[in-house]
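**Q** So that you have it, the file is coords.pdb, and it contains PDB, C-alpha atoms and all ligand atoms:
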MODEL        1
ATOM      1  CA  SER A   1      26.462 -82.167  34.221
ATOM      2  CA  HIS A   2      26.814 -84.708  37.017
ATOM      3  CA  HIS A   3      23.705 -86.477  35.673
ATOM      4  CA  LEU A   4      23.440 -88.663  32.535
ATOM      5  CA  LEU A   5      20.170 -87.628  30.913
ATOM      6  CA  SER A   6      20.857 -87.340  27.173
ATOM      7  CA  VAL A   7      23.532 -88.222  24.629
ATOM      8  CA  SER A   8      23.622 -84.511  23.762
ATOM      9  CA  GLN A   9      25.909 -84.137  26.818
ATOM     10  CA  PHE A  10      28.693 -85.913  24.879
ATOM     11  CA  ASN A  11      31.324 -84.849  22.375
ATOM     12  CA  ARG A  12      33.804 -87.230  20.756
ATOM     13  CA  ASP A  13      36.509 -86.617  23.372
ATOM     14  CA  ALA A  14      34.085 -87.482  26.185
ATOM     15  CA  ILE A  15      33.022 -90.652  24.334
ATOM     16  CA  ASP A  16      36.658 -91.693  23.817
ATOM     17  CA  GLU A  17      37.429 -91.138  27.515
ATOM     18  CA  LEU A  18      34.400 -93.159  28.606
ATOM     19  CA  PHE A  19      35.246 -96.031  26.236
ATOM     20  CA  GLN A  20      38.898 -96.106  27.393
ATOM     21  CA  LEU A  21      37.568 -96.483  30.926
ATOM     22  CA  ALA A  22      35.157 -99.217  29.747
ATOM     23  CA  ASP A  23      38.191-101.059  28.322
ATOM     24  CA  VAL A  24      39.870-100.794  31.740
ATOM     25  CA  MET A  25      36.692-102.272  33.279
ATOM     26  CA  GLN A  26      36.598-105.300  30.924
ATOM     27  CA  PRO A  27      38.687-107.634  33.191
ATOM     28  CA  ILE A  28      36.354-106.804  36.113
ATOM     29  CA  ALA A  29      33.273-107.374  33.968
ATOM     30  CA  ARG A  30      34.779-110.732  32.894
ATOM     31  CA  ARG A  31      35.453-111.678  36.548
ATOM     32  CA  ARG A  32      39.241-111.884  36.084
ATOM     33  CA  LYS A  33      39.907-108.862  38.299
ATOM     34  CA  VAL A  34      38.177-107.376  41.336
ATOM     35  CA  SER A  35      37.765-103.728  42.324
ATOM     36  CA  ARG A  36      35.961-102.394  45.405
ATOM     37  CA  VAL A  37      36.225 -98.778  44.378
ATOM     38  CA  LEU A  38      32.514 -98.140  45.149
ATOM     39  CA  GLU A  39      32.558 -99.985  48.497
ATOM     40  CA  GLY A  40      29.975 -98.428  50.853
ATOM     41  CA  ALA A  41      28.087 -96.679  48.039
ATOM     42  CA  VAL A  42      24.396 -97.388  47.433
ATOM     43  CA  LEU A  43      22.594 -97.344  44.074
ATOM     44  CA  ALA A  44      18.818 -96.796  43.936
ATOM     45  CA  ASN A  45      17.513 -98.551  40.837
ATOM     46  CA  LEU A  46      14.012 -97.063  40.278
ATOM     47  CA  PHE A  47      12.197 -98.746  37.396
ATOM     48  CA  PHE A  48       8.636 -97.532  36.825
ATOM     49  CA  GLU A  49       8.597 -99.577  33.594
ATOM     50  CA  ALA A  50       9.588-103.169  32.816
ATOM     51  CA  SER A  51      13.276-103.881  32.211
ATOM     52  CA  THR A  52      15.632-106.845  32.155
ATOM     53  CA  ARG A  53      18.924-105.580  30.718
ATOM     54  CA  THR A  54      19.094-101.997  31.920
ATOM     55  CA  ARG A  55      17.990-102.717  35.490
ATOM     56  CA  VAL A  56      20.055-105.844  36.059
ATOM     57  CA  SER A  57      23.188-104.664  34.253
ATOM     58  CA  PHE A  58      23.252-101.293  36.055
ATOM     59  CA  GLY A  59      22.816-103.215  39.321
ATOM     60  CA  ALA A  60      25.480-105.788  38.440
ATOM     61  CA  ALA A  61      27.914-103.075  37.292
ATOM     62  CA  PHE A  62      27.517-101.236  40.616
ATOM     63  CA  CYS A  63      27.971-104.463  42.628
ATOM     64  CA  ARG A  64      31.049-105.495  40.610
ATOM     65  CA  LEU A  65      32.682-102.230  41.723
ATOM     66  CA  GLY A  66      31.926-103.050  45.374
ATOM     67  CA  GLY A  67      28.672-101.067  45.831
ATOM     68  CA  SER A  68      25.223-102.206  46.949
ATOM     69  CA  VAL A  69      21.898-101.893  45.128
ATOM     70  CA  CYS A  70      18.330-101.113  46.239
ATOM     71  CA  ASP A  71      16.379-102.641  43.381
ATOM     72  CA  THR A  72      12.769-101.802  42.565
ATOM     73  CA  THR A  73      10.483-102.490  39.650
ATOM     74  CA  GLY A  74       6.835-102.302  38.608
ATOM     75  CA  PHE A  75       4.293 -99.492  38.623
ATOM     76  CA  THR A  76       3.360 -99.720  42.299
ATOM     77  CA  PHE A  77       6.676-100.154  44.128
ATOM     78  CA  SER A  78       6.746 -96.506  45.195
ATOM     79  CA  SER A  79       4.384 -94.067  46.891
ATOM     80  CA  MET A  80       4.030 -92.279  43.538
ATOM     81  CA  ALA A  81       1.193 -94.807  43.134
ATOM     82  CA  LYS A  82      -0.483 -92.878  46.008
ATOM     83  CA  GLY A  83       0.035 -89.534  44.274
ATOM     84  CA  GLU A  84       3.475 -88.534  45.592
ATOM     85  CA  SER A  85       5.291 -86.153  43.232
ATOM     86  CA  ILE A  86       8.497 -86.803  41.308
ATOM     87  CA  TYR A  87      10.036 -83.885  43.253
ATOM     88  CA  ASP A  88       9.329 -85.367  46.709
ATOM     89  CA  THR A  89      10.368 -88.841  45.574
ATOM     90  CA  SER A  90      13.656 -87.495  44.256
ATOM     91  CA  ARG A  91      14.391 -85.511  47.444
ATOM     92  CA  VAL A  92      13.667 -88.567  49.618
ATOM     93  CA  ILE A  93      15.720 -91.053  47.582
ATOM     94  CA  SER A  94      18.619 -88.562  47.509
ATOM     95  CA  GLY A  95      18.951 -89.031  51.257
ATOM     96  CA  TYR A  96      19.282 -92.792  50.833
ATOM     97  CA  ALA A  97      21.478 -93.310  47.796
ATOM     98  CA  ASP A  98      24.737 -92.146  46.142
ATOM     99  CA  ALA A  99      23.513 -92.731  42.571
ATOM    100  CA  ILE A 100      20.045 -93.191  41.080
ATOM    101  CA  VAL A 101      18.949 -94.890  37.864
ATOM    102  CA  VAL A 102      15.392 -94.035  36.781
ATOM    103  CA  ARG A 103      13.229 -95.515  34.038
ATOM    104  CA  HIS A 104       9.818 -93.918  33.586
ATOM    105  CA  PRO A 105       7.147 -94.098  30.837
ATOM    106  CA  GLU A 106       6.914 -90.290  30.398
ATOM    107  CA  GLN A 107       9.385 -88.360  28.272
ATOM    108  CA  GLY A 108      11.141 -85.668  30.339
ATOM    109  CA  SER A 109      10.265 -87.237  33.715
ATOM    110  CA  VAL A 110      13.833 -88.392  34.465
ATOM    111  CA  ALA A 111      15.143 -84.859  33.842
ATOM    112  CA  GLU A 112      12.445 -83.582  36.225
ATOM    113  CA  PHE A 113      13.638 -86.126  38.801
ATOM    114  CA  ALA A 114      17.249 -84.961  38.309
ATOM    115  CA  ARG A 115      16.380 -81.268  38.782
ATOM    116  CA  ALA A 116      15.350 -82.022  42.392
ATOM    117  CA  THR A 117      18.660 -83.579  43.471
ATOM    118  CA  ASN A 118      22.441 -83.270  43.416
ATOM    119  CA  VAL A 119      22.860 -87.055  43.573
ATOM    120  CA  PRO A 120      23.850 -88.309  40.080
ATOM    121  CA  VAL A 121      20.762 -89.443  38.158
ATOM    122  CA  ILE A 122      21.032 -91.703  35.108
ATOM    123  CA  ASN A 123      18.236 -91.852  32.544
ATOM    124  CA  GLY A 124      17.437 -95.547  32.132
ATOM    125  CA  GLY A 125      14.822 -94.686  29.470
ATOM    126  CA  ASP A 126      12.137 -91.978  29.585
ATOM    127  CA  GLY A 127       9.184 -93.068  27.464
ATOM    128  CA  PRO A 128       9.940 -92.470  23.777
ATOM    129  CA  GLY A 129      12.591 -89.875  24.740
ATOM    130  CA  GLU A 130      16.139 -91.131  25.250
ATOM    131  CA  HIS A 131      18.108 -94.125  26.494
ATOM    132  CA  PRO A 132      21.647 -92.738  26.644
ATOM    133  CA  SER A 133      23.433 -95.675  28.310
ATOM    134  CA  GLN A 134      22.010 -98.020  25.653
ATOM    135  CA  ALA A 135      23.296 -95.769  22.854
ATOM    136  CA  LEU A 136      26.725 -95.636  24.521
ATOM    137  CA  LEU A 137      26.952 -99.431  24.799
ATOM    138  CA  ASP A 138      25.704 -99.732  21.209
ATOM    139  CA  LEU A 139      28.381 -97.340  19.946
ATOM    140  CA  TYR A 140      31.022 -99.150  22.044
ATOM    141  CA  THR A 141      29.870-102.401  20.403
ATOM    142  CA  ILE A 142      29.966-100.852  16.919
ATOM    143  CA  GLN A 143      33.539 -99.658  17.513
ATOM    144  CA  ARG A 144      34.624-103.135  18.663
ATOM    145  CA  GLU A 145      32.876-104.875  15.744
ATOM    146  CA  PHE A 146      34.405-102.385  13.286
ATOM    147  CA  SER A 147      37.857-102.764  14.831
ATOM    148  CA  ARG A 148      37.637-106.512  14.068
ATOM    149  CA  LEU A 149      36.465-105.763  10.497
ATOM    150  CA  GLY A 150      39.011-102.964   9.859
ATOM    151  CA  LYS A 151      36.303-100.297   9.506
ATOM    152  CA  LEU A 152      35.771 -96.840  11.023
ATOM    153  CA  VAL A 153      32.573 -95.275  12.338
ATOM    154  CA  ASP A 154      33.309 -92.274  10.111
ATOM    155  CA  GLY A 155      31.780 -93.050   6.715
ATOM    156  CA  ALA A 156      29.683 -95.997   7.914
ATOM    157  CA  HIS A 157      26.277 -96.900   6.490
ATOM    158  CA  ILE A 158      23.728 -97.782   9.166
ATOM    159  CA  ALA A 159      20.230 -99.099   8.480
ATOM    160  CA  MET A 160      17.706 -98.572  11.285
ATOM    161  CA  VAL A 161      14.631-100.791  10.998
ATOM    162  CA  GLY A 162      11.273-100.994  12.793
ATOM    163  CA  ASP A 163       9.618 -98.577  15.224
ATOM    164  CA  LEU A 164      11.700 -95.423  14.782
ATOM    165  CA  LYS A 165       9.000 -93.173  16.261
ATOM    166  CA  TYR A 166       8.715 -94.636  19.754
ATOM    167  CA  GLY A 167      12.104 -96.428  19.906
ATOM    168  CA  ARG A 168      14.171 -94.305  22.324
ATOM    169  CA  THR A 169      17.271 -96.398  21.676
ATOM    170  CA  VAL A 170      17.408 -95.310  18.022
ATOM    171  CA  HIS A 171      16.717 -91.685  18.988
ATOM    172  CA  SER A 172      19.768 -91.669  21.263
ATOM    173  CA  LEU A 173      21.954 -93.741  18.927
ATOM    174  CA  ILE A 174      21.416 -91.651  15.789
ATOM    175  CA  LYS A 175      22.201 -88.451  17.743
ATOM    176  CA  LEU A 176      25.400 -90.004  19.123
ATOM    177  CA  LEU A 177      26.507 -91.300  15.706
ATOM    178  CA  ALA A 178      25.883 -87.848  14.224
ATOM    179  CA  LEU A 179      29.009 -86.705  16.124
ATOM    180  CA  TYR A 180      31.071 -88.715  13.589
ATOM    181  CA  ARG A 181      31.737 -87.749   9.955
ATOM    182  CA  GLY A 182      30.086 -88.666   6.687
ATOM    183  CA  LEU A 183      27.633 -91.330   7.804
ATOM    184  CA  LYS A 184      24.748 -92.643   5.743
ATOM    185  CA  PHE A 185      21.540 -93.659   7.514
ATOM    186  CA  THR A 186      18.788 -95.654   5.861
ATOM    187  CA  LEU A 187      15.592 -95.467   7.905
ATOM    188  CA  ILE A 188      13.086 -98.274   7.343
ATOM    189  CA  SER A 189       9.752 -98.159   9.149
ATOM    190  CA  PRO A 190       6.024 -98.164   8.487
ATOM    191  CA  PRO A 191       5.086 -94.552   7.567
ATOM    192  CA  SER A 192       3.219 -94.089  10.857
ATOM    193  CA  LEU A 193       6.293 -95.121  12.888
ATOM    194  CA  ALA A 194       8.907 -92.928  11.161
ATOM    195  CA  MET A 195      11.844 -91.238  12.910
ATOM    196  CA  PRO A 196      10.745 -87.824  14.303
ATOM    197  CA  ALA A 197      11.374 -85.106  11.689
ATOM    198  CA  GLU A 198      13.373 -82.902  14.084
ATOM    199  CA  ILE A 199      15.899 -85.701  14.665
ATOM    200  CA  VAL A 200      16.228 -86.358  10.904
ATOM    201  CA  GLU A 201      16.739 -82.623  10.255
ATOM    202  CA  ALA A 202      19.381 -82.299  12.991
ATOM    203  CA  VAL A 203      21.331 -85.302  11.671
ATOM    204  CA  SER A 204      21.103 -84.012   8.067
ATOM    205  CA  ARG A 205      22.308 -80.551   9.161
ATOM    206  CA  ASN A 206      25.426 -82.240  10.595
ATOM    207  CA  GLY A 207      26.322 -83.330   7.050
ATOM    208  CA  HIS A 208      25.062 -86.911   7.063
ATOM    209  CA  VAL A 209      22.931 -88.563   4.397
ATOM    210  CA  VAL A 210      19.526 -89.705   5.679
ATOM    211  CA  GLU A 211      17.373 -91.791   3.317
ATOM    212  CA  THR A 212      14.119 -93.600   3.912
ATOM    213  CA  ALA A 213      12.931 -96.881   2.434
ATOM    214  CA  ALA A 214       9.646 -98.734   2.548
ATOM    215  CA  THR A 215      10.970-102.233   3.278
ATOM    216  CA  PRO A 216      14.313-103.724   4.327
ATOM    217  CA  ALA A 217      14.744-105.768   1.138
ATOM    218  CA  GLN A 218      14.998-102.580  -0.954
ATOM    219  CA  ALA A 219      17.378-100.863   1.368
ATOM    220  CA  LEU A 220      20.006-103.068   2.975
ATOM    221  CA  ALA A 221      22.431-103.607   0.106
ATOM    222  CA  GLY A 222      25.247-101.317   1.283
ATOM    223  CA  ALA A 223      24.670-101.312   5.030
ATOM    224  CA  ASP A 224      27.567-102.013   7.425
ATOM    225  CA  ILE A 225      25.148-102.268  10.382
ATOM    226  CA  ILE A 226      21.508-103.288  10.588
ATOM    227  CA  TYR A 227      19.994-101.952  13.811
ATOM    228  CA  ALA A 228      16.578-103.599  14.232
ATOM    229  CA  THR A 229      14.016-102.523  16.845
ATOM    230  CA  ARG A 230      10.840-103.891  18.368
ATOM    231  CA  ILE A 231       7.463-102.331  17.593
ATOM    232  CA  GLN A 232       6.634-100.534  20.890
ATOM    233  CA  LYS A 233       2.987-101.600  21.001
ATOM    234  CA  GLU A 234       2.684-100.401  24.620
ATOM    235  CA  ARG A 235       3.184 -96.807  23.431
ATOM    236  CA  PHE A 236       0.206 -96.483  21.069
ATOM    237  CA  ALA A 237      -3.455 -97.031  21.687
ATOM    238  CA  ASN A 238      -4.683 -99.162  18.800
ATOM    239  CA  ASP A 239      -3.563-101.412  16.010
ATOM    240  CA  GLU A 240      -4.485 -99.037  13.182
ATOM    241  CA  VAL A 241      -0.975 -97.680  13.157
ATOM    242  CA  LEU A 242       0.214-101.102  12.007
ATOM    243  CA  GLU A 243      -1.887-101.125   8.834
ATOM    244  CA  GLY A 244       0.289-102.080   5.904
ATOM    245  CA  PHE A 245       2.976-103.437   8.255
ATOM    246  CA  ASP A 246       3.666-106.984   7.170
ATOM    247  CA  ASN A 247       6.336-109.644   7.407
ATOM    248  CA  ALA A 248       8.495-107.695   4.969
ATOM    249  CA  PHE A 249       9.898-106.124   8.151
ATOM    250  CA  GLU A 250      11.196-109.350   9.698
ATOM    251  CA  ILE A 251      15.004-109.428   9.814
ATOM    252  CA  ASN A 252      15.830-113.074   9.154
ATOM    253  CA  ARG A 253      18.496-115.284   7.636
ATOM    254  CA  ALA A 254      16.988-115.287   4.125
ATOM    255  CA  LEU A 255      16.958-111.474   4.052
ATOM    256  CA  ILE A 256      20.519-111.172   5.373
ATOM    257  CA  GLU A 257      21.794-113.722   2.826
ATOM    258  CA  SER A 258      19.990-112.140  -0.126
ATOM    259  CA  ALA A 259      20.176-108.407   0.579
ATOM    260  CA  CYS A 260      23.270-107.621   2.678
ATOM    261  CA  LYS A 261      27.041-107.369   2.545
ATOM    262  CA  PRO A 262      28.572-110.638   3.783
ATOM    263  CA  GLU A 263      30.211-108.914   6.786
ATOM    264  CA  VAL A 264      27.116-106.937   7.899
ATOM    265  CA  VAL A 265      26.712-106.598  11.693
ATOM    266  CA  VAL A 266      23.164-107.256  12.966
ATOM    267  CA  MET A 267      22.210-105.389  16.141
ATOM    268  CA  HIS A 268      19.084-104.945  18.280
ATOM    269  CA  PRO A 269      18.747-103.303  21.720
ATOM    270  CA  LEU A 270      16.429-106.127  22.860
ATOM    271  CA  PRO A 271      13.959-107.222  24.005
ATOM    272  CA  ARG A 272      12.821-108.675  20.698
ATOM    273  CA  ASP A 273       9.254-109.864  20.403
ATOM    274  CA  GLY A 274       9.439-113.555  19.599
ATOM    275  CA  ARG A 275       5.683-114.045  19.191
ATOM    276  CA  PRO A 276       4.385-115.083  15.742
ATOM    277  CA  GLY A 277       3.669-112.112  13.457
ATOM    278  CA  SER A 278       5.688-109.675  15.566
ATOM    279  CA  HIS A 279       7.806-108.510  12.583
ATOM    280  CA  ASP A 280      10.937-108.433  14.713
ATOM    281  CA  LEU A 281      14.420-109.950  14.566
ATOM    282  CA  SER A 282      14.106-113.675  13.805
ATOM    283  CA  VAL A 283      15.616-116.358  16.038
ATOM    284  CA  ASP A 284      16.919-118.093  12.898
ATOM    285  CA  LEU A 285      20.043-115.881  13.101
ATOM    286  CA  ASN A 286      20.849-116.941  16.694
ATOM    287  CA  ASN A 287      23.986-118.912  15.814
ATOM    288  CA  ASP A 288      25.155-116.534  13.092
ATOM    289  CA  PRO A 289      28.414-114.759  14.043
ATOM    290  CA  ARG A 290      27.137-111.566  12.396
ATOM    291  CA  LEU A 291      24.478-111.327  15.105
ATOM    292  CA  ALA A 292      25.963-108.978  17.746
ATOM    293  CA  ILE A 293      22.995-108.803  20.154
ATOM    294  CA  PHE A 294      24.584-110.744  23.011
ATOM    295  CA  ARG A 295      27.898-108.910  22.551
ATOM    296  CA  GLN A 296      25.818-105.730  23.006
ATOM    297  CA  THR A 297      24.301-107.016  26.266
ATOM    298  CA  ASP A 298      27.731-108.133  27.555
ATOM    299  CA  ASN A 299      29.190-104.696  26.746
ATOM    300  CA  GLY A 300      26.470-103.118  28.911
ATOM    301  CA  ILE A 301      28.440-104.059  32.041
ATOM    302  CA  PRO A 302      31.830-102.357  31.361
ATOM    303  CA  VAL A 303      30.154 -99.318  29.786
ATOM    304  CA  ARG A 304      27.818 -98.894  32.787
ATOM    305  CA  MET A 305      30.753 -99.403  35.189
ATOM    306  CA  ALA A 306      32.551 -96.604  33.344
ATOM    307  CA  ILE A 307      29.450 -94.375  33.616
ATOM    308  CA  PHE A 308      29.249 -94.908  37.408
ATOM    309  CA  ALA A 309      32.979 -94.395  37.955
ATOM    310  CA  THR A 310      32.881 -91.150  35.953
ATOM    311  CA  LEU A 311      29.729 -89.734  37.588
ATOM    312  CA  LEU A 312      30.986 -90.643  41.081
ATOM    313  CA  GLY A 313      34.491 -89.277  40.437
ATOM    314  CA  VAL A 314      36.454 -92.489  41.079
ATOM    315  CA  GLU A 315      37.615 -93.132  37.516
ATOM    316  CA  LYS A 316      41.293 -92.510  38.342
ATOM    317  CA  LEU A 317      41.175 -94.932  41.295
ATOM    318  CA  VAL A 318      39.942 -97.957  39.339
ATOM    319  CA  SER A 319      43.246 -99.194  37.876
ATOM    320  CA  ARG A 320      45.032 -98.730  41.213
ATOM    321  CA  SER A 321      42.300-100.630  43.091
ATOM    322  CA  MET A 322      42.254-103.688  40.822
ATOM    323  CA  ARG A 323      43.510-107.037  42.105
ATOM    324  CA  ASP A 324      43.275-110.598  40.808
ATOM    325  CA  ALA A 325      39.960-112.349  41.298
ATOM    326  CA  ALA A 326      39.990-114.943  44.069
ATOM    327  CA  TRP A 327      37.685-117.368  42.280
TER     328      TRP A 327
HETATM  329  N1  LIG B 401      17.608-102.627  25.915
HETATM  330  C1  LIG B 401      16.845-102.420  27.015
HETATM  331  O1  LIG B 401      16.656-101.270  27.469
HETATM  332  O2  LIG B 401      16.329-103.556  27.573
HETATM  333  P1  LIG B 401      15.415-103.613  28.877
HETATM  334  O3  LIG B 401      14.114-102.911  28.532
HETATM  335  O4  LIG B 401      15.228-105.062  29.197
HETATM  336  O5  LIG B 401      16.134-102.863  29.966
ENDMDL
END
As structure tokens, please, write out the structure in this file.

**A**
Amino acid sequence: SHHLLSVSQFNRDAIDELFQLADVMQPIARRRKVSRVLEGAVLANLFFEASTRTRVSFGAAFCRLGGSVCDTTGFTFSSMAKGESIYDTSRVISGYADAIVVRHPEQGSVAEFARATNVPVINGGDGPGEHPSQALLDLYTIQREFSRLGKLVDGAHIAMVGDLKYGRTVHSLIKLLALYRGLKFTLISPPSLAMPAEIVEAVSRNGHVVETAATPAQALAGADIIYATRIQKERFANDEVLEGFDNAFEINRALIESACKPEVVVMHPLPRDGRPGSHDLSVDLNNDPRLAIFRQTDNGIPVRMAIFATLLGVEKLVSRSMRDAAW
């Protein structure tokens, strides 16, 4: 496909190719090299839902390769607020842009947008559905963290904590990791926010161990990675679903020190909810080297550059076009 809608489009060879290209992009992302390989190209960044990382890093990645960005955000930026269809919107934007990133609160809506156009469409998150570029940058981060620690993704033990029902980042990530061999997943969520059964069954069928646990303290002992997520309160109507959900779900320094391997890697797609009682990743780990969250956000740039270069067919031109940065 010339779109990026789901991680199910990937096999391990395609992941390896994309990550090799992301490595090539690192000097550009770090502002040591310049490439104008997308000069003249226009990205339409259409965000019907709030975003910091995905919107800005897709935009920055496109600009760093020489392209320009039409940036939009909020519920009312487009004439869809006046009842215009996804189909018409997609056809219109296709005449303006060479690549389109869409985030939308409804699952399946980005695929619907993509069906109306031949311009490459990237799913920047469709409701509780998927967030494929986030899963790719997460896996890229895991590989880099493991390379430093002398570990492989094959055989890893990954604990996923928090809202596993509505968290699209964990839906995409667990499917992507299932392409590797012999993984163990420990899923830790309130019962009402559990990972969808069809995803658990698919991952189990691929030969991985999937266990559930009621609280992190019981479950983290052997984990190589803790992947924490925010409770997606905007996706359910009332607070009843949070009954029985207490501070046992906060990932903080005391828990990491008492329950985890010393070299555990702590990840989170962000944003984290820093308000009191939010049961999210604590700020008390901010200066802990095991906290990989800002390495994840940094890796979003080279991985998204690699996604654009691949979808727009300029991946072989990047190395040739690179020159030293002038600043
Ligand atoms: N991780 C992520 O998708 O963050 P934003 O919602 O800020 O884009």

**Q** Expand the PyMOL selection byres (((not hetatm)) within 6 of (chain B and resi 401)) into the explicit residue set it covers here, and present it as a PyMOL selection string.

**A** chain A and resi 51-55+269-271

**Q** Mind telling me what the PyMOL selection byres (((chain A and resi 202) around 12) and not hetatm) catches here, as a JSON list (two decimals) with C-alpha atoms, in the frame of the given file?

**A**
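In the end it all went to out.json:
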[["chain", "number", "residue", "atom", "x", "y", "z"],
["A", 8, "SER", "CA", 23.62, -84.51, 23.76],
["A", 171, "HIS", "CA", 16.72, -91.68, 18.99],
["A", 174, "ILE", "CA", 21.42, -91.65, 15.79],
["A", 175, "LYS", "CA", 22.20, -88.45, 17.74],
["A", 176, "LEU", "CA", 25.40, -90.00, 19.12],
["A", 177, "LEU", "CA", 26.51, -91.30, 15.71],
["A", 178, "ALA", "CA", 25.88, -87.85, 14.22],
["A", 179, "LEU", "CA", 29.01, -86.70, 16.12],
["A", 195, "MET", "CA", 11.84, -91.24, 12.91],
["A", 196, "PRO", "CA", 10.74, -87.82, 14.30],
["A", 197, "ALA", "CA", 11.37, -85.11, 11.69],
["A", 198, "GLU", "CA", 13.37, -82.90, 14.08],
["A", 199, "ILE", "CA", 15.90, -85.70, 14.66],
["A", 200, "VAL", "CA", 16.23, -86.36, 10.90],
["A", 201, "GLU", "CA", 16.74, -82.62, 10.26],
["A", 203, "VAL", "CA", 21.33, -85.30, 11.67],
["A", 204, "SER", "CA", 21.10, -84.01, 8.07],
["A", 205, "ARG", "CA", 22.31, -80.55, 9.16],
["A", 206, "ASN", "CA", 25.43, -82.24, 10.60],
["A", 207, "GLY", "CA", 26.32, -83.33, 7.05],
["A", 208, "HIS", "CA", 25.06, -86.91, 7.06],
["A", 209, "VAL", "CA", 22.93, -88.56, 4.40],
["A", 210, "VAL", "CA", 19.53, -89.70, 5.68]]

**Q** Atom CA of A:Leu46 to atom CA of A:Leu164: how many Å, to one decimal?

**A**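 Atom CA of A:Leu164 lies 25.7 Å from atom CA of A:Leu46.
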
**Q** Here is a test: counting only C-alpha atoms, which residue of A:Cys260, A:Leu65, A:Met267, A:Leu21 is nearest to A:Val34?

**A**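 Among the listed residues, A:Leu65 lies closest to A:Val34.
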
**Q** Let me know the residues the PyMOL selection byres (((chain A and resi 304) around 12) and not hetatm) catches in the file above, as a ChimeraX atom specification.

**A** /A:4,18-19,21-23,25-26,29,53-65,101,122-124,132-138,140,297-303,305-311

**Q** Please determine an axis-aligned box that encloses all atoms of stretch 167-176 of chain A listed in the file, with 6 Å added on each side, and express its centre and edge lengths in Å to one decimal as JSON.

**A**
{"center_x": 18.8, "center_y": -92.4, "center_z": 19.1, "size_x": 25.3, "size_y": 20.0, "size_z": 18.5}

**Q** Pick the closest to A:Tyr180 from A:Thr212, A:Ser319, A:Ser6, A:Asn11: which is it, counting only C-alpha atoms?

**A**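 Among A:Thr212, A:Ser319, A:Ser6, A:Asn11, it is A:Asn11 that comes nearest to A:Tyr180.
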
**Q** With distances taken over only C-alpha atoms, which residue among A:Ala254, A:Met160, A:Val121, A:Ala223 lies nearest A:Asp284?

**A**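 Of the candidates, the smallest distance to A:Asp284 is held by A:Ala254.
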
**Q** Name the closest residue to A:Val69 among the candidates A:Leu173, A:Met322, A:Ala44, A:Ile231; distances are taken between atoms, counting all atoms listed in the file.

**A**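 For A:Val69, the nearest of the candidates is A:Ala44.
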
**Q** Work out how far atom CA of A:Glu130 is from atom CA of A:Gly222, in Å to one decimal.

**A** 27.6 Å
